[in-house]
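So this one's start.cif, mmCIF, C-alpha atoms and all ligand atoms:
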data_target
loop_
_atom_site.label_atom_id
_atom_site.label_comp_id
_atom_site.auth_asym_id
_atom_site.auth_seq_id
_atom_site.Cartn_x
_atom_site.Cartn_y
_atom_site.Cartn_z
CA MET A 1 -15.69 7.30 -12.51
CA GLY A 2 -16.68 6.60 -11.85
CA LYS A 3 -18.54 5.95 -14.93
CA MET A 4 -19.94 2.90 -13.21
CA GLY A 5 -21.16 4.90 -10.21
CA ALA A 6 -22.67 7.58 -12.39
CA GLU A 7 -24.63 4.90 -14.23
CA ILE A 8 -25.93 3.32 -11.08
CA ILE A 9 -27.16 6.68 -9.90
CA ARG A 10 -28.86 7.52 -13.21
CA GLN A 11 -30.50 4.13 -13.75
CA ARG A 12 -32.25 4.05 -10.45
CA GLY A 13 -33.26 7.68 -10.61
CA VAL A 14 -32.28 8.16 -6.99
CA ILE A 15 -29.04 8.94 -5.24
CA MET A 16 -27.53 5.59 -4.34
CA ARG A 17 -25.39 5.02 -1.31
CA ALA A 18 -21.75 4.25 -1.99
CA LYS A 19 -20.75 0.64 -2.23
CA ILE A 20 -18.18 -0.09 0.43
CA ILE A 21 -15.16 -2.03 -0.84
CA ASP A 22 -14.47 -4.88 1.58
CA GLY A 23 -10.67 -4.91 1.65
CA LYS A 24 -10.55 -7.46 4.43
CA LYS A 25 -12.59 -10.00 2.47
CA MET A 26 -10.59 -9.37 -0.70
CA ALA A 27 -7.31 -9.74 1.22
CA ASP A 28 -8.47 -12.95 2.94
CA GLY A 29 -9.22 -14.43 -0.49
CA LEU A 30 -5.75 -13.49 -1.72
CA LEU A 31 -4.09 -14.94 1.39
CA GLU A 32 -5.94 -18.23 0.88
CA LYS A 33 -4.75 -18.36 -2.75
CA ALA A 34 -1.19 -17.53 -1.66
CA LYS A 35 -1.29 -20.31 0.93
CA GLN A 36 -2.18 -22.83 -1.77
CA GLU A 37 0.56 -21.49 -4.06
CA ILE A 38 3.16 -21.65 -1.27
CA ALA A 39 2.22 -25.25 -0.42
CA LEU A 40 3.36 -26.21 -3.94
CA LEU A 41 6.79 -24.52 -3.71
CA ALA A 42 9.99 -26.52 -3.23
CA ARG A 43 10.54 -24.81 0.13
CA PRO A 44 8.78 -22.11 2.15
CA PRO A 45 9.84 -18.55 1.24
CA CYS A 46 11.41 -16.46 4.02
CA LEU A 47 10.71 -12.78 4.76
CA ALA A 48 12.92 -10.76 7.12
CA ILE A 49 11.52 -7.64 8.73
CA VAL A 50 13.90 -5.03 10.13
CA MET A 51 12.44 -2.52 12.53
CA ALA A 52 14.25 0.10 14.62
CA GLY A 53 12.62 1.76 17.59
CA ASP A 54 9.22 1.23 19.12
CA ASP A 55 6.79 3.38 17.18
CA PRO A 56 3.43 1.92 18.32
CA ALA A 57 1.85 2.02 14.83
CA SER A 58 4.86 0.26 13.30
CA GLN A 59 4.69 -2.42 15.98
CA VAL A 60 1.05 -3.10 15.07
CA TYR A 61 1.86 -3.23 11.33
CA VAL A 62 4.83 -5.54 11.83
CA LYS A 63 2.75 -7.90 13.98
CA LYS A 64 0.07 -8.06 11.26
CA LYS A 65 2.74 -8.83 8.66
CA LEU A 66 4.31 -11.58 10.78
CA ASP A 67 0.88 -13.10 11.53
CA ALA A 68 0.06 -13.18 7.81
CA CYS A 69 3.36 -14.95 7.05
CA LYS A 70 2.52 -17.61 9.60
CA LYS A 71 -0.99 -18.02 8.22
CA VAL A 72 0.18 -18.69 4.65
CA GLY A 73 3.31 -20.72 5.40
CA ILE A 74 6.03 -18.10 4.90
CA LEU A 75 8.97 -18.25 7.30
CA SER A 76 9.86 -14.96 8.93
CA LYS A 77 12.74 -13.31 10.72
CA ASP A 78 11.87 -10.47 13.05
CA ILE A 79 14.88 -8.20 13.54
CA HIS A 80 14.03 -5.56 16.09
CA LEU A 81 16.72 -2.96 16.79
CA GLN A 82 16.62 -0.25 19.43
CA SER A 83 15.59 3.29 18.60
CA SER A 84 19.18 4.27 19.39
CA ALA A 85 20.51 1.97 16.62
CA SER A 86 23.00 3.78 14.39
CA GLU A 87 22.83 3.92 10.62
CA LYS A 88 25.84 1.60 10.55
CA GLU A 89 24.11 -0.97 12.75
CA ILE A 90 20.94 -0.97 10.64
CA ILE A 91 22.96 -1.24 7.42
CA GLY A 92 24.92 -4.09 9.03
CA ALA A 93 21.69 -5.97 9.73
CA VAL A 94 20.47 -5.38 6.17
CA ASN A 95 23.78 -6.56 4.69
CA ARG A 96 23.71 -9.77 6.71
CA LEU A 97 20.22 -10.47 5.36
CA ASN A 98 21.35 -9.64 1.80
CA LYS A 99 24.03 -12.31 2.11
CA ASP A 100 21.82 -14.86 3.90
CA ASP A 101 20.80 -17.50 1.35
CA GLY A 102 17.90 -18.54 3.54
CA VAL A 103 16.30 -15.08 3.23
CA ASP A 104 14.28 -14.32 0.09
CA ALA A 105 12.75 -10.96 0.94
CA ILE A 106 13.71 -8.02 3.16
CA LEU A 107 11.40 -5.34 4.54
CA VAL A 108 12.75 -2.33 6.41
CA GLN A 109 9.81 -0.89 8.33
CA VAL A 110 9.55 2.88 8.00
CA PRO A 111 9.63 5.41 9.53
CA LEU A 112 13.11 4.74 10.89
CA PRO A 113 14.38 6.86 13.80
CA GLY A 114 14.98 10.46 12.72
CA THR A 115 18.67 10.11 13.49
CA VAL A 116 19.35 7.86 10.48
CA ASP A 117 19.20 8.43 6.71
CA GLU A 118 16.22 6.40 5.50
CA ASP A 119 17.13 6.76 1.81
CA ARG A 120 20.64 5.48 2.44
CA ILE A 121 19.39 2.43 4.36
CA LEU A 122 16.67 1.52 1.86
CA SER A 123 19.21 1.68 -0.96
CA GLU A 124 21.30 -0.97 0.83
CA VAL A 125 18.59 -3.63 0.45
CA SER A 126 19.51 -6.04 -2.36
CA PRO A 127 17.17 -5.05 -5.26
CA GLY A 128 16.08 -8.67 -5.77
CA LYS A 129 15.10 -9.01 -2.10
CA ASP A 130 13.46 -5.58 -1.97
CA VAL A 131 9.93 -6.74 -1.11
CA ASP A 132 8.62 -3.15 -0.75
CA GLY A 133 10.06 -1.92 -4.05
CA PHE A 134 11.63 1.07 -2.27
CA HIS A 135 15.17 0.59 -3.67
CA PRO A 136 16.01 3.33 -6.21
CA LEU A 137 16.42 0.69 -8.94
CA ASN A 138 12.95 -0.75 -8.36
CA PHE A 139 11.39 2.69 -7.91
CA GLY A 140 12.95 3.73 -11.23
CA LYS A 141 11.62 0.59 -12.89
CA LEU A 142 8.19 1.43 -11.49
CA ALA A 143 8.39 4.82 -13.21
CA LEU A 144 9.33 3.00 -16.43
CA ASN A 145 6.43 0.54 -15.97
CA ASN A 146 8.58 -2.59 -15.85
CA SER A 147 9.03 -3.36 -12.15
CA GLU A 148 8.54 -6.80 -10.65
CA LEU A 149 8.41 -5.45 -7.09
CA ILE A 150 5.72 -2.81 -6.65
CA PRO A 151 5.21 -1.07 -3.25
CA CYS A 152 2.56 -3.03 -1.34
CA THR A 153 -0.02 -0.36 -0.47
CA PRO A 154 -0.29 1.16 -3.97
CA ARG A 155 -0.32 -2.33 -5.51
CA GLY A 156 -3.18 -3.24 -3.15
CA ILE A 157 -5.11 -0.10 -4.14
CA ILE A 158 -4.85 -0.83 -7.88
CA HIS A 159 -5.94 -4.42 -7.20
CA MET A 160 -8.98 -3.19 -5.23
CA LEU A 161 -10.01 -0.76 -7.96
CA LYS A 162 -9.75 -3.38 -10.71
CA GLU A 163 -11.45 -6.06 -8.64
CA SER A 164 -14.32 -3.63 -7.96
CA GLY A 165 -14.85 -3.15 -11.70
CA VAL A 166 -13.43 0.36 -11.99
CA GLN A 167 -12.11 1.06 -15.49
CA LEU A 168 -8.90 3.02 -14.99
CA SER A 169 -7.92 3.97 -18.51
CA GLY A 170 -8.86 7.56 -19.30
CA MET A 171 -10.08 8.33 -15.77
CA HIS A 172 -8.91 11.40 -13.92
CA ALA A 173 -7.30 10.26 -10.67
CA VAL A 174 -6.32 12.75 -7.99
CA VAL A 175 -3.83 11.52 -5.41
CA ILE A 176 -3.48 13.56 -2.21
CA GLY A 177 -0.07 12.81 -0.69
CA ARG A 178 3.36 12.22 -2.21
CA SER A 179 5.03 9.83 0.24
CA ARG A 180 7.46 7.10 -0.73
CA ILE A 181 5.10 4.45 0.69
CA VAL A 182 1.83 5.47 -0.98
CA GLY A 183 1.32 8.76 -2.83
CA LYS A 184 4.25 8.84 -5.22
CA PRO A 185 4.25 5.18 -6.29
CA LEU A 186 0.43 5.18 -6.49
CA ALA A 187 0.51 8.16 -8.86
CA LEU A 188 3.01 6.29 -11.07
CA LEU A 189 0.89 3.12 -11.06
CA LEU A 190 -2.27 5.04 -11.99
CA LEU A 191 -0.34 6.72 -14.79
CA ASN A 192 0.85 3.27 -15.96
CA GLU A 193 -2.85 2.29 -16.04
CA ASN A 194 -3.53 5.21 -18.40
CA CYS A 195 -5.22 7.47 -15.88
CA THR A 196 -4.81 11.22 -16.09
CA VAL A 197 -3.09 11.86 -12.76
CA THR A 198 -3.02 14.96 -10.56
CA ILE A 199 -0.89 14.90 -7.41
CA CYS A 200 -1.88 17.25 -4.57
CA HIS A 201 0.15 17.64 -1.37
CA SER A 202 0.68 19.80 1.69
CA ARG A 203 1.74 22.81 -0.41
CA THR A 204 -1.18 22.59 -2.85
CA PRO A 205 -3.55 25.53 -2.38
CA GLY A 206 -7.24 24.73 -2.91
CA VAL A 207 -7.07 20.92 -3.07
CA GLY A 208 -10.88 20.77 -3.48
CA ALA A 209 -10.71 22.48 -6.88
CA PHE A 210 -8.70 19.47 -8.09
CA THR A 211 -10.58 16.69 -6.30
CA ARG A 212 -13.96 18.00 -7.51
CA GLN A 213 -12.82 17.21 -11.05
CA ALA A 214 -11.72 13.68 -10.21
CA ASP A 215 -13.27 10.35 -11.14
CA ILE A 216 -11.06 8.68 -8.53
CA VAL A 217 -9.70 10.34 -5.37
CA CYS A 218 -6.99 8.58 -3.33
CA VAL A 219 -5.98 10.08 0.01
CA ALA A 220 -2.76 9.19 1.83
CA VAL A 221 -1.62 12.00 4.08
CA GLY A 222 -2.20 10.83 7.66
CA LYS A 223 -4.67 13.53 8.68
CA PRO A 224 -8.34 12.81 9.54
CA LYS A 225 -11.04 14.51 7.44
CA THR A 226 -8.59 15.63 4.76
CA LEU A 227 -11.28 14.75 2.20
CA THR A 228 -14.77 16.05 2.97
CA ALA A 229 -18.02 15.54 1.04
CA ASP A 230 -17.92 19.02 -0.57
CA MET A 231 -14.56 18.11 -2.15
CA ILE A 232 -15.83 15.29 -4.39
CA ARG A 233 -18.30 15.03 -7.20
CA GLN A 234 -21.34 12.77 -7.06
CA GLY A 235 -20.37 9.21 -7.98
CA ALA A 236 -16.61 9.56 -7.50
CA VAL A 237 -14.56 6.55 -6.34
CA VAL A 238 -12.77 7.23 -3.05
CA ILE A 239 -9.76 5.32 -1.71
CA ASP A 240 -8.66 6.05 1.86
CA ALA A 241 -5.09 4.97 2.66
CA GLY A 242 -4.94 6.90 5.94
CA THR A 243 -4.53 5.27 9.33
CA ASN A 244 -4.94 7.66 12.21
CA ARG A 245 -5.20 6.42 15.75
CA GLN A 246 -7.90 8.26 17.70
CA GLY A 247 -7.74 6.75 21.16
CA GLU A 248 -8.79 3.11 20.75
CA LYS A 249 -10.26 3.78 17.32
CA LEU A 250 -8.69 3.88 13.89
CA ALA A 251 -9.77 6.59 11.44
CA GLY A 252 -8.78 7.19 7.84
CA ASP A 253 -8.10 10.48 6.04
CA VAL A 254 -11.65 10.69 4.65
CA ASP A 255 -14.78 12.00 6.38
CA PHE A 256 -16.27 8.55 5.74
CA ALA A 257 -19.82 9.10 7.04
CA ALA A 258 -20.45 12.09 4.77
CA VAL A 259 -18.33 11.11 1.77
CA LYS A 260 -19.92 7.66 1.48
CA GLU A 261 -23.29 9.30 0.75
CA LYS A 262 -21.87 10.95 -2.35
CA ALA A 263 -19.26 8.45 -3.62
CA SER A 264 -20.14 5.44 -5.78
CA LEU A 265 -17.41 3.30 -4.22
CA ILE A 266 -15.38 3.88 -1.07
CA THR A 267 -12.89 2.01 1.11
CA PRO A 268 -13.44 1.96 4.88
CA VAL A 269 -10.82 2.31 7.63
CA PRO A 270 -10.23 -0.18 9.13
CA GLY A 271 -10.96 -3.03 6.72
CA GLY A 272 -10.04 -1.31 3.46
CA VAL A 273 -6.54 -0.59 2.20
CA GLY A 274 -4.70 -1.93 5.30
CA PRO A 275 -5.42 -5.64 4.86
CA MET A 276 -4.64 -5.35 1.13
CA THR A 277 -1.15 -4.02 1.95
CA VAL A 278 -0.46 -7.19 3.92
CA ALA A 279 -1.84 -9.42 1.14
CA MET A 280 0.42 -7.68 -1.40
CA LEU A 281 3.42 -8.12 0.89
CA ILE A 282 2.78 -11.86 0.78
CA LYS A 283 2.49 -11.75 -3.04
CA ASN A 284 5.72 -9.75 -3.27
CA THR A 285 7.51 -12.22 -0.96
CA ILE A 286 6.59 -15.03 -3.36
CA ALA A 287 7.80 -12.80 -6.23
CA CYS A 288 11.18 -12.34 -4.47
CA TYR A 289 11.41 -16.12 -3.96
CA ARG A 290 10.82 -16.68 -7.68
CA LEU A 291 13.21 -13.86 -8.67
CA ARG A 292 15.92 -15.81 -6.84
CA GLY A 293 15.16 -18.82 -9.00
CA GLY A 294 12.95 -20.60 -6.46
CA LYS A 295 10.53 -23.11 -7.96
N1 LIG O 301 5.31 1.70 7.13
C1 LIG O 301 3.98 1.87 6.85
N2 LIG O 301 3.64 1.14 5.78
C2 LIG O 301 4.75 0.51 5.35
C3 LIG O 301 5.03 -0.39 4.27
O1 LIG O 301 4.17 -0.76 3.46
N3 LIG O 301 6.31 -0.83 4.19
C4 LIG O 301 7.27 -0.42 5.06
N4 LIG O 301 8.50 -0.89 4.88
N5 LIG O 301 7.06 0.41 6.06
C5 LIG O 301 5.80 0.86 6.20
#

Will you turn the file into C-alpha cells for me?
Amino acid sequence: MGKMGAEIIRQRGVIMRAKIIDGKKMADGLLEKAKQEIALLARPPCLAIVMAGDDPASQVYVKKKLDACKKVGILSKDIHLQSSASEKEIIGAVNRLNKDDGVDAILVQVPLPGTVDEDRILSEVSPGKDVDGFHPLNFGKLALNNSELIPCTPRGIIHMLKESGVQLSGMHAVVIGRSRIVGKPLALLLLNENCTVTICHSRTPGVGAFTRQADIVCVAVGKPKTLTADMIRQGAVVIDAGTNRQGEKLAGDVDFAAVKEKASLITPVPGGVGPMTVAMLIKNTIACYRLRGGK
C-alpha cells in the first residue's frame, strides 16, 4: 500500500500525515443501515450472550454489544455465569440456547475462566447460531473461503480497508498476532482477498524485518507499542486491533503518535476497530436469523 498512500505522498511532494480511519463513524453508518433492515424483518432477531466470570474488559465489551442490539432493534439475552461455573454448566447454558427457537444467534464471550476448555465449549455452539464464527466448522469454512459467519473483528477490519479505498489484491499484509479472535482469522481473510500474508507472533524473532516490507500491517497482540515507527515503511496502512487499558485511558498496540506520521492510513484506539467489531456482530446476527430461514 499502500499504493494509494505512496501516491498521495509523491503527488504533493511532501510527506503527508496519515489519514485516520474513523471506525466509529463507519460503524454508526452500518448500525443505521442494520436498523432499517431489521425494521423490515418478520420479527426481531435475538442474540444471546454467554459470559462467565467478571473480567472487567469483557464486561465493557458485552455492555457495548447489548447496547448496540437495543439501538438497532435486536432482542438480547444476557446470560452471566459466575467465574466458578464449570464446563458442564456453561455447556448446559449453550445447549439450552441451541434448542431455544426464540434464539437466532449465540455469542460466548472469551476469554472464559482458565478452569474450562474454551475449544470444547465453542464447539458446542450450534454452527448456524455461531455468530462469532468460532465453531470448527465455520472456522474451516473460513479457511476454504465459503463461510457465512466470519469472526466479527477481522470482518470489520476488511470492511474498513475496503471502505477506505485500499486495494487488497497483490498487497503484502503482515499480521502480528495469531489469536482465534483476530490474528488467525484475519490472516485467512486477507489471503482470501489475494493478499500475500505473513503472520508474526510472540516467537517471531525480528518482527520489524517483516513489517518493514509490508503494504498493510495489522497488529492484534494486546501489548502497547508493539508496532513503532521504525518498523513500518513510509505510506504503509496500519490497523490497530489492540485494546489495552492504561488507567482510565485505552491504548492500542501501535505507537499511534509516531506511526501516524509515517503511515498513509491508520486506525485509532479508541474509535477504530472496536466499534466495527460491534457493527459486524449486528450484521452476523441478521445473517444467523436468515440462515434459520427468517424473512
Ligand atoms: N472477546 C474479545 N473480543 C471478542 C469477540 O469478538 N467475540 C467473543 N466471543 N469474545 C471476545

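Our summary of the geometry notes that CA of Gly208 in chain A is positioned 13.8 Å from CA of Asp255 in chain A.
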
For this session: Give the residue list for ligand LIG 301 (chain O) at 10 Å, counting only C-alpha atoms and all ligand atoms, as a count of residues only, sorted by chain and then by residue number.
Result: 35

Problem set entry | Expected residue set, 9 Å radius at (16.2, -22.5, -2.6), only C-alpha atoms, as a list in words |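 It turns out the residues near that spot are Ala42, Arg43, Pro44, Pro45, Asp101, Gly102, Asp104, Tyr289, Arg292, Gly293, Gly294 and Lys295 of chain A.
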
Exercise. Between CA of Gly247 in chain A and CA of Val221 in chain A, what is the distance, to one decimal in Å?
Worked result: 18.9 Å

Exercise. Taking into account only C-alpha atoms, which residue in the set A:Met160, A:Ile79, A:Leu227, A:Ala220 is nearest to Asn244 in chain A?
Worked result: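 So, comparing all the options, the nearest one is A:Ala220.
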
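CA of Leu47 in chain A sits 13.2 Å away from CA of Ser126 in chain A.
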
Exercise. Do you know which residues are at most 9 Å from Ser84 in chain A counting all atoms listed in the file, after dropping those on the same chain fewer than 5 positions away, and could you put them as a list in words?
Worked result: Ala52, Gly53, Pro113 and Thr115 of chain A

Problem set entry | From A:Glu124, A:Asp78, A:Glu37, A:Glu163, residue lying nearest Asp22 in chain A [only C-alpha atoms] | A:Glu163

Can you tell me, as a JSON list (two decimals) with C-alpha atoms, in the frame of the given file, what residues are no more than 8 Å from range 25-32 of chain A when counting only C-alpha atoms, ignoring any on the same chain fewer than 5 positions away?
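So part.json came out as:
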[["chain", "number", "residue", "atom", "x", "y", "z"],
["A", 68, "ALA", "CA", 0.06, -13.18, 7.81],
["A", 72, "VAL", "CA", 0.18, -18.69, 4.65],
["A", 160, "MET", "CA", -8.98, -3.19, -5.23],
["A", 275, "PRO", "CA", -5.42, -5.64, 4.86],
["A", 276, "MET", "CA", -4.64, -5.35, 1.13],
["A", 278, "VAL", "CA", -0.46, -7.19, 3.92],
["A", 279, "ALA", "CA", -1.84, -9.42, 1.14],
["A", 282, "ILE", "CA", 2.78, -11.86, 0.78]]
